[in-house]
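Undergrad: Please find one structure pasted underneath; my questions will follow.
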Amino acid sequence: MNKPTPLRRSLAIQARVIGALLMREILTRYGRHNIGFLWLFVEPMMFTLGVTALWTLAGLNHGSNLPIVAFALTGYSSVLVWRNMPARLCGSIEPNLALMYHRNVKVMDIFVSRLLLEGAGATISFLILGIFFTSIGWMKPPEDIIKIMQGWFMLIWFGVSLGILIGAWSARTEIVEKIWHPAAYLLFPLSGAAFMVDWLPPAAQKFVLYLPMVHGVELLREGYFGSAVHAHYDIPYTAFLCLCLSLLGLAMLRIEGRRVTPE
Amino acid sequence: MIQISNLVKQYPTRHGPRTVLDNINLSIGAGEKIGILGRNGSGKSTLIRLISGAEQPTSGSIHRGISVSWPLAFGGAFQGALTGLDNLRFICRVYGASTEDKIPFVQEFSELGQYLYEPVKTYSSGMRARLAFAISMVVEFDCFLIDEIVAVGDSRFQEKCRIELFEKRKDRAMIIVSHSPGFIRAYCERASVLLDGKLTSFEQVDDAFRFYQEH
């Protein structure tokens with residue numbers, strides 16, 4: 001009796017709902033004043049610019065002759081990806097409960113719209129700054145754009161899967177929210193943003209290479225600097241970890257999605 | 001037609017699961033108007049949310065053969081930082097309806113005038129309720145779910161709402177949830193009573209009332 005809605009129609013509905021949520025999110029977060037939705041990438045750009053300026057001024061003793069601007073840009077941009085996606089999803093169900101009075105608005109749609117915005121913001125900011133620094137001569141053009149895209153993709157995958165897990169889990173217990181903030185803060189220095197794995201002693205290398213985002217940054221930097229660096233990464237390992245995180249995240253989303261009670 | 005079969009809804013509590021709706025069966029045909037009576041906390045709103053699809057049942061099923069509205073006259077989904085118009089746009093986008101041709105109606109019906117272009121957080125509660133009702137009338141459904149039609153605005157506005165909902169849309173099915181007898185008597189052909197999680201249906205509204213009063 002209960003014929004499921006055909007997939008094609010379901011997809012059309014979902015696209016419509018995500019589009020509506022995107023517009024709502026953009027208006028709510030950035031408003032119509034001053035530069036409006038340009039904040040989407042101006043905000044992450046300001047972070048990256050600030051960090052680049054600080055690292056340049058401090059002359060960051062990174063024990064190599066890598067150009068500092070490119071080093072900071074590749075490093076901090078990747079932090080924005082894996083850190084901001086989970087941060088935006090953490091605790092994002094509760095303030096949106098009232099929206100779920102509308103049958104077609106599901107937790108997944110809220111997650112997807114927020115992930116799209118975070119992903120777009122970080123990517124556009126990375127691209128604009130990269131093109132800008134290259135055009136004024138502060139950076140050389142990248143060696144291998146395909147590798148950069150692969151590295152970026154792995155970082156986004158990690159951010160998305162961790163984000164969904166944390167977002168769904170945070171609806172279950174607020175401990176997740178409490179732990180995520182210090183965890184993100186402590187992970188930053190270990191994430192490979194401010195160092196290359198090759199510079200570390202072997203024992204430390206083994207340790208940081210457990211972290212999936214390190215592999216993404218390494219791959220990204222190999223794509224950027226090419227043979228000037230000796231990158232350490234293991235794509236199958238990272239993909240396997242992201243796949244596990246994705247499955248866990250989607251399972252948690254399914255459990256929590258069913259428990260949602262509009263206020 | 002809407003077919004509710006063996007519907008059970010439980011909520012976890014500190015003292016184990018609590019059954020709010022216990023094996024509910026009900027069917028609503030096109031154009032039928034059904035009242036659901038129940039005391040405060042009897043699970044009326046839960047039932048309405050389940051029928052609307054906003055919540056998932058613990059077990060059992062709800063088959064929606066016709067389009068079903070969200071629980072009506074509810075104004076909570078407004079984003080305060082957005083204008084009334086932005087909120088209207090959001091609803092239209094979610095339901096795949098066009099917005100621009102709805103603006104004059106919403107502006108006129110909600111009596112908001114230029115306030116439609118101001119953030120909802122600057123509205124009074126009456127203005128919010130009027131906007132909520134006006135927006136509810138923008139998307140057309142075969143069945144409207146009406147949760148405790150609260151007194152929206154002054155008596156003149158209530159009359160407007162009555163005409164819009166019960167006269168202009170009298171061909172639609174409606175499920176009206178209330179603890180006030182008069183309202184259900186005025187609009188419903190039959191009624192059911194929700195008591196201790198069980199739904200008892202009556203062909204005559206008066207029988208339902210007798211049962212409701214006795215328990």
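Letters for chains follow the order of the structure tokens (A, B, ...), residue numbers begin at 1 for each chain, and ligand numbers begin at 1 in the order shown.
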Please list as a list in words every residue within 9 Å of B:Val20, counting only C-alpha atoms and excluding residues in the same chain fewer than 2 positions away.
TA: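 Counting only C-alpha atoms, the residues come to Val8, Lys9, Gln10, Tyr11, Arg18, Asp22, Ser42, Gly43, Thr46, Asp196, Gly197 and Lys198 of chain B.
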Undergrad: Store the residues of this selection in a file with N, CA and C atoms, as an mmCIF file, in the first residue's frame.
TA:
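Saved the output as again.cif:
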```
data_model
loop_
_atom_site.group_PDB
_atom_site.id
_atom_site.type_symbol
_atom_site.label_atom_id
_atom_site.label_comp_id
_atom_site.auth_asym_id
_atom_site.auth_seq_id
_atom_site.Cartn_x
_atom_site.Cartn_y
_atom_site.Cartn_z
ATOM 1 N N VAL B 8 1.859 3.432 16.568
ATOM 2 C CA VAL B 8 2.322 3.497 17.953
ATOM 3 C C VAL B 8 3.411 4.549 18.046
ATOM 4 N N LYS B 9 3.338 5.382 19.058
ATOM 5 C CA LYS B 9 4.417 6.336 19.289
ATOM 6 C C LYS B 9 4.822 6.291 20.752
ATOM 7 N N GLN B 10 6.102 6.046 20.946
ATOM 8 C CA GLN B 10 6.643 6.028 22.307
ATOM 9 C C GLN B 10 7.728 7.079 22.417
ATOM 10 N N TYR B 11 7.832 7.677 23.588
ATOM 11 C CA TYR B 11 8.943 8.590 23.854
ATOM 12 C C TYR B 11 9.762 8.025 25.001
ATOM 13 N N ARG B 18 7.545 5.721 27.285
ATOM 14 C CA ARG B 18 6.166 6.064 27.607
ATOM 15 C C ARG B 18 5.381 6.017 26.300
ATOM 16 N N ASP B 22 -1.230 4.555 21.237
ATOM 17 C CA ASP B 22 -1.205 3.110 21.376
ATOM 18 C C ASP B 22 -2.121 2.480 20.327
ATOM 19 N N SER B 42 -2.951 14.709 25.985
ATOM 20 C CA SER B 42 -3.439 13.374 25.621
ATOM 21 C C SER B 42 -2.753 12.844 24.360
ATOM 22 N N GLY B 43 -1.980 13.671 23.697
ATOM 23 C CA GLY B 43 -1.245 13.201 22.513
ATOM 24 C C GLY B 43 -1.826 13.701 21.202
ATOM 25 N N THR B 46 0.870 15.336 19.076
ATOM 26 C CA THR B 46 1.778 14.291 18.601
ATOM 27 C C THR B 46 1.168 13.584 17.403
ATOM 28 N N ASP B 196 -5.973 8.134 27.009
ATOM 29 C CA ASP B 196 -4.939 7.187 27.440
ATOM 30 C C ASP B 196 -4.244 6.509 26.262
ATOM 31 N N GLY B 197 -3.984 7.258 25.235
ATOM 32 C CA GLY B 197 -3.241 6.729 24.093
ATOM 33 C C GLY B 197 -4.096 5.965 23.096
ATOM 34 N N LYS B 198 -5.348 5.701 23.468
ATOM 35 C CA LYS B 198 -6.238 4.967 22.549
ATOM 36 C C LYS B 198 -7.167 5.942 21.842
#
```
Undergrad: Could you build a table of the residues in chain A lying no more than 9 Å from chain B, giving for each the nearest pair of atoms and their separation in Å rounded to one decimal place, using only C-alpha atoms, ordered by chain and ascending residue number, as CSV?
TA:
```
residue,atom,partner,partner_atom,distance
A:Met1,CA,B:His63,CA,7.5
A:Asn2,CA,B:His63,CA,5.9
A:Lys3,CA,B:His63,CA,8.7
A:Ile13,CA,B:Val94,CA,8.0
A:Gln14,CA,B:Val94,CA,9.0
A:Arg16,CA,B:Val94,CA,6.1
A:Val17,CA,B:Val94,CA,4.9
A:Ile18,CA,B:Val94,CA,8.3
A:Gly19,CA,B:Arg93,CA,7.7
A:Ala20,CA,B:Arg93,CA,5.4
A:Leu21,CA,B:Phe90,CA,7.5
A:Met23,CA,B:Phe90,CA,7.9
A:Arg24,CA,B:Phe90,CA,6.7
A:Leu27,CA,B:Leu82,CA,7.2
A:Thr28,CA,B:Ala81,CA,6.3
A:Gly31,CA,B:Leu82,CA,8.3
A:Asn96,CA,B:Ala77,CA,8.2
A:Leu97,CA,B:Ala77,CA,8.3
A:Ala98,CA,B:Ala77,CA,4.8
A:Leu99,CA,B:Ala77,CA,5.3
A:Met100,CA,B:Ala54,CA,5.8
A:Tyr101,CA,B:Ala54,CA,5.0
A:His102,CA,B:Trp70,CA,5.8
A:Arg103,CA,B:Ala54,CA,4.8
A:Asn104,CA,B:Val94,CA,7.6
A:Val105,CA,B:Val94,CA,7.8
A:Lys106,CA,B:Ala54,CA,8.7
A:Gly257,CA,B:Gln56,CA,8.9
A:Arg258,CA,B:Gln56,CA,6.0
A:Arg259,CA,B:Gln56,CA,7.5
A:Val260,CA,B:Glu55,CA,6.7
A:Thr261,CA,B:Glu55,CA,6.0
A:Pro262,CA,B:Ala54,CA,7.0
A:Glu263,CA,B:Gly76,CA,8.6
```
Undergrad: How would the residues just picked look written out with N, CA and C atoms as a CSV table (one decimal), in the first residue's frame?
TA:
```
chain,number,residue,atom,x,y,z
A,1,MET,N,0.8,-1.2,0.0
A,1,MET,CA,0.0,0.0,0.0
A,1,MET,C,0.9,1.3,0.0
A,2,ASN,N,1.9,1.2,0.8
A,2,ASN,CA,2.8,2.4,0.9
A,2,ASN,C,3.8,2.4,-0.2
A,3,LYS,N,3.5,2.9,-1.4
A,3,LYS,CA,4.4,2.9,-2.4
A,3,LYS,C,5.4,4.1,-2.2
A,13,ILE,N,12.7,16.9,-4.9
A,13,ILE,CA,12.2,17.5,-3.7
A,13,ILE,C,13.4,17.9,-2.8
A,14,GLN,N,14.3,17.0,-2.7
A,14,GLN,CA,15.5,17.2,-1.8
A,14,GLN,C,16.3,18.4,-2.3
A,16,ARG,N,15.2,20.9,-4.0
A,16,ARG,CA,14.4,22.1,-3.8
A,16,ARG,C,14.5,22.6,-2.3
A,17,VAL,N,14.5,21.6,-1.4
A,17,VAL,CA,14.6,21.9,0.0
A,17,VAL,C,15.9,22.4,0.4
A,18,ILE,N,17.0,21.8,-0.2
A,18,ILE,CA,18.3,22.2,0.1
A,18,ILE,C,18.5,23.6,-0.4
A,19,GLY,N,18.0,23.9,-1.6
A,19,GLY,CA,18.1,25.2,-2.2
A,19,GLY,C,17.5,26.3,-1.3
A,20,ALA,N,16.3,25.9,-0.8
A,20,ALA,CA,15.6,26.9,0.1
A,20,ALA,C,16.4,27.1,1.4
A,21,LEU,N,17.0,26.0,1.9
A,21,LEU,CA,17.7,26.1,3.2
A,21,LEU,C,19.0,26.9,2.9
A,23,MET,N,19.4,29.4,0.7
A,23,MET,CA,19.1,30.8,0.7
A,23,MET,C,18.8,31.4,2.1
A,24,ARG,N,18.1,30.6,2.9
A,24,ARG,CA,17.8,31.0,4.2
A,24,ARG,C,19.0,31.2,5.1
A,27,LEU,N,21.0,34.3,4.0
A,27,LEU,CA,20.4,35.5,4.4
A,27,LEU,C,20.6,35.7,5.9
A,28,THR,N,20.4,34.5,6.7
A,28,THR,CA,20.5,34.6,8.1
A,28,THR,C,21.9,34.9,8.6
A,31,GLY,N,23.2,38.2,5.8
A,31,GLY,CA,22.3,39.4,5.7
A,31,GLY,C,22.4,40.1,4.4
A,96,ASN,N,17.2,24.3,14.5
A,96,ASN,CA,16.4,24.2,13.3
A,96,ASN,C,15.2,23.2,13.5
A,97,LEU,N,15.0,22.9,14.7
A,97,LEU,CA,13.9,21.9,15.0
A,97,LEU,C,12.6,22.3,14.4
A,98,ALA,N,12.3,23.6,14.5
A,98,ALA,CA,11.0,24.1,14.1
A,98,ALA,C,10.8,24.0,12.6
A,99,LEU,N,11.9,24.0,11.8
A,99,LEU,CA,11.8,23.8,10.4
A,99,LEU,C,11.3,22.4,10.0
A,100,MET,N,11.5,21.5,10.9
A,100,MET,CA,11.1,20.1,10.6
A,100,MET,C,9.6,19.9,10.8
A,101,TYR,N,8.9,20.9,11.1
A,101,TYR,CA,7.5,20.8,11.0
A,101,TYR,C,7.0,20.6,9.5
A,102,HIS,N,7.9,21.0,8.6
A,102,HIS,CA,7.7,20.8,7.2
A,102,HIS,C,8.3,19.4,6.8
A,103,ARG,N,7.4,18.5,6.4
A,103,ARG,CA,7.7,17.1,6.3
A,103,ARG,C,9.0,16.9,5.5
A,104,ASN,N,9.2,17.7,4.4
A,104,ASN,CA,10.3,17.4,3.5
A,104,ASN,C,11.6,18.0,4.0
A,105,VAL,N,11.6,18.7,5.1
A,105,VAL,CA,12.8,19.2,5.6
A,105,VAL,C,13.4,18.2,6.6
A,106,LYS,N,14.5,17.6,6.3
A,106,LYS,CA,15.1,16.6,7.2
A,106,LYS,C,16.4,17.1,7.7
A,257,GLY,N,18.0,11.2,13.2
A,257,GLY,CA,16.9,11.7,12.3
A,257,GLY,C,15.6,11.2,12.7
A,258,ARG,N,15.5,9.9,13.1
A,258,ARG,CA,14.2,9.3,13.5
A,258,ARG,C,13.7,9.8,14.8
A,259,ARG,N,14.7,10.3,15.6
A,259,ARG,CA,14.3,10.7,17.0
A,259,ARG,C,13.9,12.2,17.0
A,260,VAL,N,14.1,12.9,15.9
A,260,VAL,CA,13.8,14.3,15.9
A,260,VAL,C,12.3,14.6,16.2
A,261,THR,N,12.1,15.4,17.2
A,261,THR,CA,10.8,15.8,17.6
A,261,THR,C,10.7,17.4,17.4
A,262,PRO,N,10.0,17.8,16.4
A,262,PRO,CA,9.8,19.3,16.3
A,262,PRO,C,9.3,19.9,17.6
A,263,GLU,N,9.8,20.9,18.0
A,263,GLU,CA,9.4,21.5,19.4
A,263,GLU,C,7.9,21.8,19.4
```
Undergrad: Please identify the strand (DSSP E or B) residues within stretch 71-174 of chain B (assignment by DSSP from backbone atoms) and present them as a list in words.
TA: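 Put together, the selection reads Pro71, Leu72, Thr83, Pro119, Cys143, Phe144, Leu145, Ile146, Asp147, Ala173 and Met174 of chain B.
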Undergrad: Show me, as a list in words, the residues that have an atom within 10 Å of A:Pro67 when counting only C-alpha atoms, minus same-chain residues fewer than 6 positions from it.
TA: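 Near neighbours after the sequence-gap exclusion: Thr56, Trp138, Met139, Lys140 and Phe225 of chain A.
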Undergrad: For stretch 185-188 of chain A, work out the shell of residues within 12 Å, counting only C-alpha atoms and skipping chain neighbours fewer than 4 positions away, then give it as number ranges by chain.
TA: A: 75-84, 87, 178-181, 192-195, 208, 210-214
Undergrad: I'd like the contact shell of A:Leu129 - 9 Å cut-off, only C-alpha atoms, skipping same-chain residues fewer than 5 positions apart - returned as an NGL selection string.
TA: :A and (45 or 48-49 or 73 or 124 or 134)
Undergrad: Keeping only C-alpha atoms, take the residues you just selected and write them out as a compact mmCIF listing (two decimals), in the first residue's frame.
TA:
```txt
# COMPACT_ATOMS: atom_id res chain seq x y z
CA MET A 45 40.04 34.74 3.52
CA THR A 48 44.06 32.84 6.00
CA LEU A 49 45.43 36.31 5.28
CA LEU A 73 48.00 29.39 2.30
CA ILE A 124 36.54 30.01 -3.03
CA THR A 134 50.32 34.17 -7.77
```
Undergrad: Could you tell me which of B:Met127, B:Val120, B:Ala30, B:Leu199 comes closest to B:Asp171 if we count only C-alpha atoms?
TA: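 When distances to B:Asp171 are compared using only C-alpha atoms, the smallest one comes from B:Ala30.
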Undergrad: Using DSSP on the backbone coordinates, identify the residues of stretch 15-232 of chain A assigned to helix (DSSP H, G or I); present them as a PyMOL selection string.
TA: chain A and resi 15-30+36-58+68-89+94-101+107-135+145-172+175-190+197-199+202-208+212-228
Undergrad: Fewer than 2 positions away in the same chain doesn't count, so skip those; otherwise give me all residues within 8 Å of A:Ser246, counting only C-alpha atoms, as a list in words.
TA: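 The neighbour list is Val160, Ser161, Leu162, Ile164, Leu165, Cys242, Leu243, Cys244, Leu248, Gly249 and Leu250 of chain A.
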